[in-house]
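The block underneath contains the structure these notes are about, expressed in structure tokens.
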Amino acid sequence: MNSWIEDFKKHFKELNIRENEPMSKHSTFHIGGPADLYVEPEIEQAGDVISYCMDNDIPITILGNGSNILVGDKGIRGVVLSFGSAASKIKIDGNIIIAEAGAMLAKVANEAANNSLSGLEFAAGIPGTVGGAMLMNAGAYGGEMKDVVKSVTVMNYEGDVEMWQEDELDLSYRHSRMMDEDVIILSAVFELKPGDQQEIRDVMADYRGRRQDKQPLEYSSAGSTFKRPQGYFAGKLIMDAGLAGYSVGDAQVSEKHCGFVINKGGASAAEVCKLMDDVAEVVHDKYGVKLEPEVRKIGEF
């Protein structure tokens, strides 16, 4: 056993630490090799874990719900720090919601509805955490995080904590300042508007129904595989290129929605990568449009 693993476990006895944890259990794609160590600290404990890893040259990977990622077949070296249920507190004060990074976005939207607050209806079916959603400015059905966020609290890898206001976040389509500056999102503050509870619930139910009808939710996936190219829809380009149902092993372009690559059961990361490369090449050859991945690759491939 690596000595650093023993030392880490001794140093953080109070944490639930899992060794050689299959990352397939922690990604919505259900793909990925083992993490050396996997921990789910509370927000207050995260700084200590990060500082320890930095001081001891241990690689660290920050994870939320594992949506929108593809983990390599060889897994992840070092420590995976996952903001999960231990870092998921939600507080409501009037029309303000403060949510920790590990809170599920759909749960935050539901809490907003419970308190007759409007603005997060679009997030009802997004399968990510607040941290992941803020990192990539997640959105759906004409709404996105930039519409409701007031501030984000971040920590850098030296342990310094800052609160960035909405005009400092540089939010655009699937992009944020947090991506560029390599910081860790701890929590976010959202400002919503008072609304009619039933109307809010009706809109959320409508969006959830549309997702059910149009997206291949019966299969494991990482959500939309490619970003929307300027002036086009990735799914339509892929469908028009005749790639609906195209497979590499157990990785397949969904026939229900060509913007999704699905895991038919036993897909490997290598198969997903090959399929994505093939799709991008065919679309570029046919239409001259470059498809950029929305799914982030992490770990060793």
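Identifiers in this document derive from the order of the structure tokens: chains are assigned A, B, ..., residues are numbered from 1 separately in each chain, and ligands are numbered from 1 in order of occurrence.
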List every residue of region 82-151 of chain A that has an atom at most 12 Å from any atom of region 213-217 of chain A, giving for each one its closest atom pair and the distance in Å to one decimal, counting only C-alpha atoms, sorted by chain and then by ascending residue number, as a tab-separated table.
residue	atom	partner	partner_atom	distance
A:Gly125	CA	A:Leu217	CA	10.7
A:Ile126	CA	A:Leu217	CA	11.5
A:Pro127	CA	A:Leu217	CA	10.7
Go ahead and write the residues just picked, C-alpha atoms, as an mmCIF file, in the first residue's frame.
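As a result, selection00.cif now contains:
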data_model
loop_
_atom_site.group_PDB
_atom_site.id
_atom_site.type_symbol
_atom_site.label_atom_id
_atom_site.label_comp_id
_atom_site.auth_asym_id
_atom_site.auth_seq_id
_atom_site.Cartn_x
_atom_site.Cartn_y
_atom_site.Cartn_z
ATOM 1 C CA GLY A 125 -34.690 18.129 -13.793
ATOM 2 C CA ILE A 126 -30.984 19.007 -14.014
ATOM 3 C CA PRO A 127 -29.126 16.077 -12.358
#
Write down as a short mmCIF file (atom, residue, chain, number, x, y, z; two decimals) with C-alpha atoms, in the first residue's frame the residues belonging to region 124-176 of chain A that are assigned helix (DSSP H, G or I) by DSSP computed on the backbone.
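Contents of out.cif, as written:
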data_model
loop_
_atom_site.label_atom_id
_atom_site.label_comp_id
_atom_site.auth_asym_id
_atom_site.auth_seq_id
_atom_site.Cartn_x
_atom_site.Cartn_y
_atom_site.Cartn_z
CA VAL A 130 -25.02 23.53 -7.13
CA GLY A 131 -21.23 23.48 -7.47
CA GLY A 132 -21.25 21.74 -10.83
CA ALA A 133 -24.13 23.88 -12.09
CA MET A 134 -22.34 27.11 -11.19
CA LEU A 135 -19.03 25.89 -12.65
CA MET A 145 -27.71 29.92 -13.48
CA LYS A 146 -26.58 33.42 -14.41
CA ASP A 147 -30.25 34.52 -14.28
CA GLU A 166 -22.61 38.12 -9.83
CA ASP A 167 -20.83 40.70 -12.04
CA GLU A 168 -17.46 39.08 -11.25
#
**Request:** Step one, run DSSP on the backbone; step two, keep only residues of region 83-250 of chain A assigned to strand (DSSP E or B); then write them as a ChimeraX atom specification.
**Result:** /A:90-93,96-100,104,117-118,129,139-140,143-144,149-155,161-165,172,175,184-191,193-194,220-224,226,247-248
Filtering to N, CA and C atoms, could you give me those residues as a CSV table (one decimal), in the first residue's frame?
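Result saved to part_14.csv:
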chain,number,residue,atom,x,y,z
A,90,ILE,N,-29.1,23.8,2.7
A,90,ILE,CA,-29.9,24.8,2.0
A,90,ILE,C,-30.6,25.7,3.0
A,91,LYS,N,-30.4,27.0,2.9
A,91,LYS,CA,-31.0,28.0,3.8
A,91,LYS,C,-31.8,29.0,3.0
A,92,ILE,N,-33.0,29.3,3.5
A,92,ILE,CA,-33.9,30.2,2.8
A,92,ILE,C,-34.1,31.4,3.7
A,93,ASP,N,-33.9,32.6,3.2
A,93,ASP,CA,-34.1,33.9,3.9
A,93,ASP,C,-34.9,34.8,3.0
A,96,ILE,N,-34.1,34.9,-0.8
A,96,ILE,CA,-32.7,34.5,-1.0
A,96,ILE,C,-32.5,33.1,-0.6
A,97,ILE,N,-31.9,32.3,-1.4
A,97,ILE,CA,-31.5,30.9,-1.1
A,97,ILE,C,-30.0,30.8,-1.1
A,98,ILE,N,-29.5,30.3,0.0
A,98,ILE,CA,-28.0,30.0,0.2
A,98,ILE,C,-27.9,28.5,0.1
A,99,ALA,N,-27.1,28.0,-0.8
A,99,ALA,CA,-27.0,26.5,-1.0
A,99,ALA,C,-25.5,26.1,-1.0
A,100,GLU,N,-25.2,25.1,-0.3
A,100,GLU,CA,-23.8,24.5,-0.4
A,100,GLU,C,-23.6,23.8,-1.7
A,104,MET,N,-28.2,19.1,-4.3
A,104,MET,CA,-28.7,18.8,-5.6
A,104,MET,C,-29.5,20.0,-6.1
A,117,LEU,N,-41.1,30.6,-4.4
A,117,LEU,CA,-40.1,31.5,-5.1
A,117,LEU,C,-39.9,31.0,-6.5
A,118,SER,N,-39.9,31.9,-7.4
A,118,SER,CA,-39.8,31.6,-8.8
A,118,SER,C,-38.4,32.1,-9.4
A,129,THR,N,-25.2,19.1,-9.0
A,129,THR,CA,-25.1,19.8,-7.8
A,129,THR,C,-25.0,21.3,-8.1
A,139,GLY,N,-27.9,25.2,-17.6
A,139,GLY,CA,-29.2,25.8,-18.0
A,139,GLY,C,-30.1,24.9,-18.8
A,140,ALA,N,-31.3,25.2,-18.9
A,140,ALA,CA,-32.3,24.4,-19.7
A,140,ALA,C,-33.5,25.3,-19.9
A,143,GLY,N,-33.6,29.1,-19.4
A,143,GLY,CA,-33.1,29.6,-18.1
A,143,GLY,C,-31.7,29.1,-17.9
A,144,GLU,N,-30.9,29.9,-17.1
A,144,GLU,CA,-29.5,29.4,-16.8
A,144,GLU,C,-29.2,30.0,-15.4
A,149,VAL,N,-28.2,33.8,-9.9
A,149,VAL,CA,-27.1,33.8,-9.0
A,149,VAL,C,-26.8,35.3,-8.5
A,150,LYS,N,-26.6,35.4,-7.2
A,150,LYS,CA,-26.2,36.7,-6.7
A,150,LYS,C,-24.7,36.7,-6.3
A,151,SER,N,-24.2,35.6,-5.8
A,151,SER,CA,-22.8,35.5,-5.5
A,151,SER,C,-22.4,34.0,-5.3
A,152,VAL,N,-21.1,33.8,-5.4
A,152,VAL,CA,-20.6,32.4,-5.3
A,152,VAL,C,-19.3,32.5,-4.3
A,153,THR,N,-19.3,31.7,-3.3
A,153,THR,CA,-18.1,31.6,-2.4
A,153,THR,C,-17.2,30.5,-3.0
A,154,VAL,N,-15.9,30.9,-3.2
A,154,VAL,CA,-14.9,30.0,-3.7
A,154,VAL,C,-13.7,29.9,-2.8
A,155,MET,N,-13.0,28.8,-3.0
A,155,MET,CA,-11.7,28.7,-2.3
A,155,MET,C,-10.6,28.3,-3.3
A,161,VAL,N,-10.4,31.9,0.9
A,161,VAL,CA,-11.8,31.9,0.6
A,161,VAL,C,-12.3,33.3,0.2
A,162,GLU,N,-13.0,33.4,-0.9
A,162,GLU,CA,-13.5,34.7,-1.4
A,162,GLU,C,-15.0,34.6,-1.8
A,163,MET,N,-15.7,35.7,-1.7
A,163,MET,CA,-17.1,35.7,-2.3
A,163,MET,C,-17.0,36.6,-3.5
A,164,TRP,N,-17.4,36.0,-4.6
A,164,TRP,CA,-17.5,36.7,-5.9
A,164,TRP,C,-18.9,37.1,-6.2
A,165,GLN,N,-19.1,38.4,-6.5
A,165,GLN,CA,-20.4,38.8,-6.8
A,165,GLN,C,-20.8,38.5,-8.3
A,172,SER,N,-21.2,32.8,-19.1
A,172,SER,CA,-21.7,32.8,-20.4
A,172,SER,C,-22.1,31.4,-20.7
A,175,HIS,N,-20.0,28.3,-19.4
A,175,HIS,CA,-18.7,28.9,-19.0
A,175,HIS,C,-18.8,29.8,-17.8
A,184,ILE,N,-12.3,26.2,-6.2
A,184,ILE,CA,-13.3,25.2,-5.7
A,184,ILE,C,-14.5,26.0,-5.2
A,185,ILE,N,-15.7,25.7,-5.7
A,185,ILE,CA,-16.9,26.3,-5.4
A,185,ILE,C,-17.4,25.7,-4.1
A,186,LEU,N,-17.7,26.6,-3.1
A,186,LEU,CA,-18.2,26.1,-1.8
A,186,LEU,C,-19.7,26.3,-1.6
A,187,SER,N,-20.2,27.4,-2.1
A,187,SER,CA,-21.6,27.6,-2.0
A,187,SER,C,-22.0,28.8,-2.9
A,188,ALA,N,-23.3,28.9,-3.1
A,188,ALA,CA,-23.9,30.0,-3.9
A,188,ALA,C,-25.1,30.6,-3.3
A,189,VAL,N,-25.3,31.9,-3.6
A,189,VAL,CA,-26.5,32.6,-3.1
A,189,VAL,C,-27.3,32.9,-4.4
A,190,PHE,N,-28.6,32.6,-4.3
A,190,PHE,CA,-29.5,32.9,-5.4
A,190,PHE,C,-30.6,33.9,-4.9
A,191,GLU,N,-30.9,34.8,-5.8
A,191,GLU,CA,-32.0,35.7,-5.6
A,191,GLU,C,-33.2,35.4,-6.5
A,193,LYS,N,-37.7,35.4,-7.2
A,193,LYS,CA,-38.9,36.4,-7.1
A,193,LYS,C,-40.0,35.6,-6.5
A,194,PRO,N,-40.8,36.3,-5.7
A,194,PRO,CA,-42.0,35.7,-5.2
A,194,PRO,C,-43.0,35.3,-6.3
A,220,SER,N,-27.9,5.3,-18.7
A,220,SER,CA,-26.8,6.1,-18.1
A,220,SER,C,-26.2,7.0,-19.2
A,221,SER,N,-26.0,8.3,-18.8
A,221,SER,CA,-25.3,9.2,-19.7
A,221,SER,C,-24.8,10.3,-18.9
A,222,ALA,N,-24.1,11.2,-19.5
A,222,ALA,CA,-23.5,12.4,-18.8
A,222,ALA,C,-24.3,13.7,-19.2
A,223,GLY,N,-25.5,13.5,-19.7
A,223,GLY,CA,-26.3,14.6,-20.2
A,223,GLY,C,-25.9,14.9,-21.7
A,224,SER,N,-26.1,16.2,-22.1
A,224,SER,CA,-25.7,16.6,-23.4
A,224,SER,C,-24.2,16.4,-23.6
A,226,PHE,N,-22.2,17.2,-26.4
A,226,PHE,CA,-21.5,18.3,-27.1
A,226,PHE,C,-22.2,19.6,-26.8
A,247,SER,N,-22.9,3.0,-32.8
A,247,SER,CA,-22.3,2.5,-31.6
A,247,SER,C,-20.8,2.2,-31.7
A,248,VAL,N,-20.1,2.3,-30.6
A,248,VAL,CA,-18.8,1.7,-30.4
A,248,VAL,C,-18.9,0.9,-29.1
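Going from CA of Ser82 (chain A) to CA of Met136 (chain A) covers 16.9 Å.
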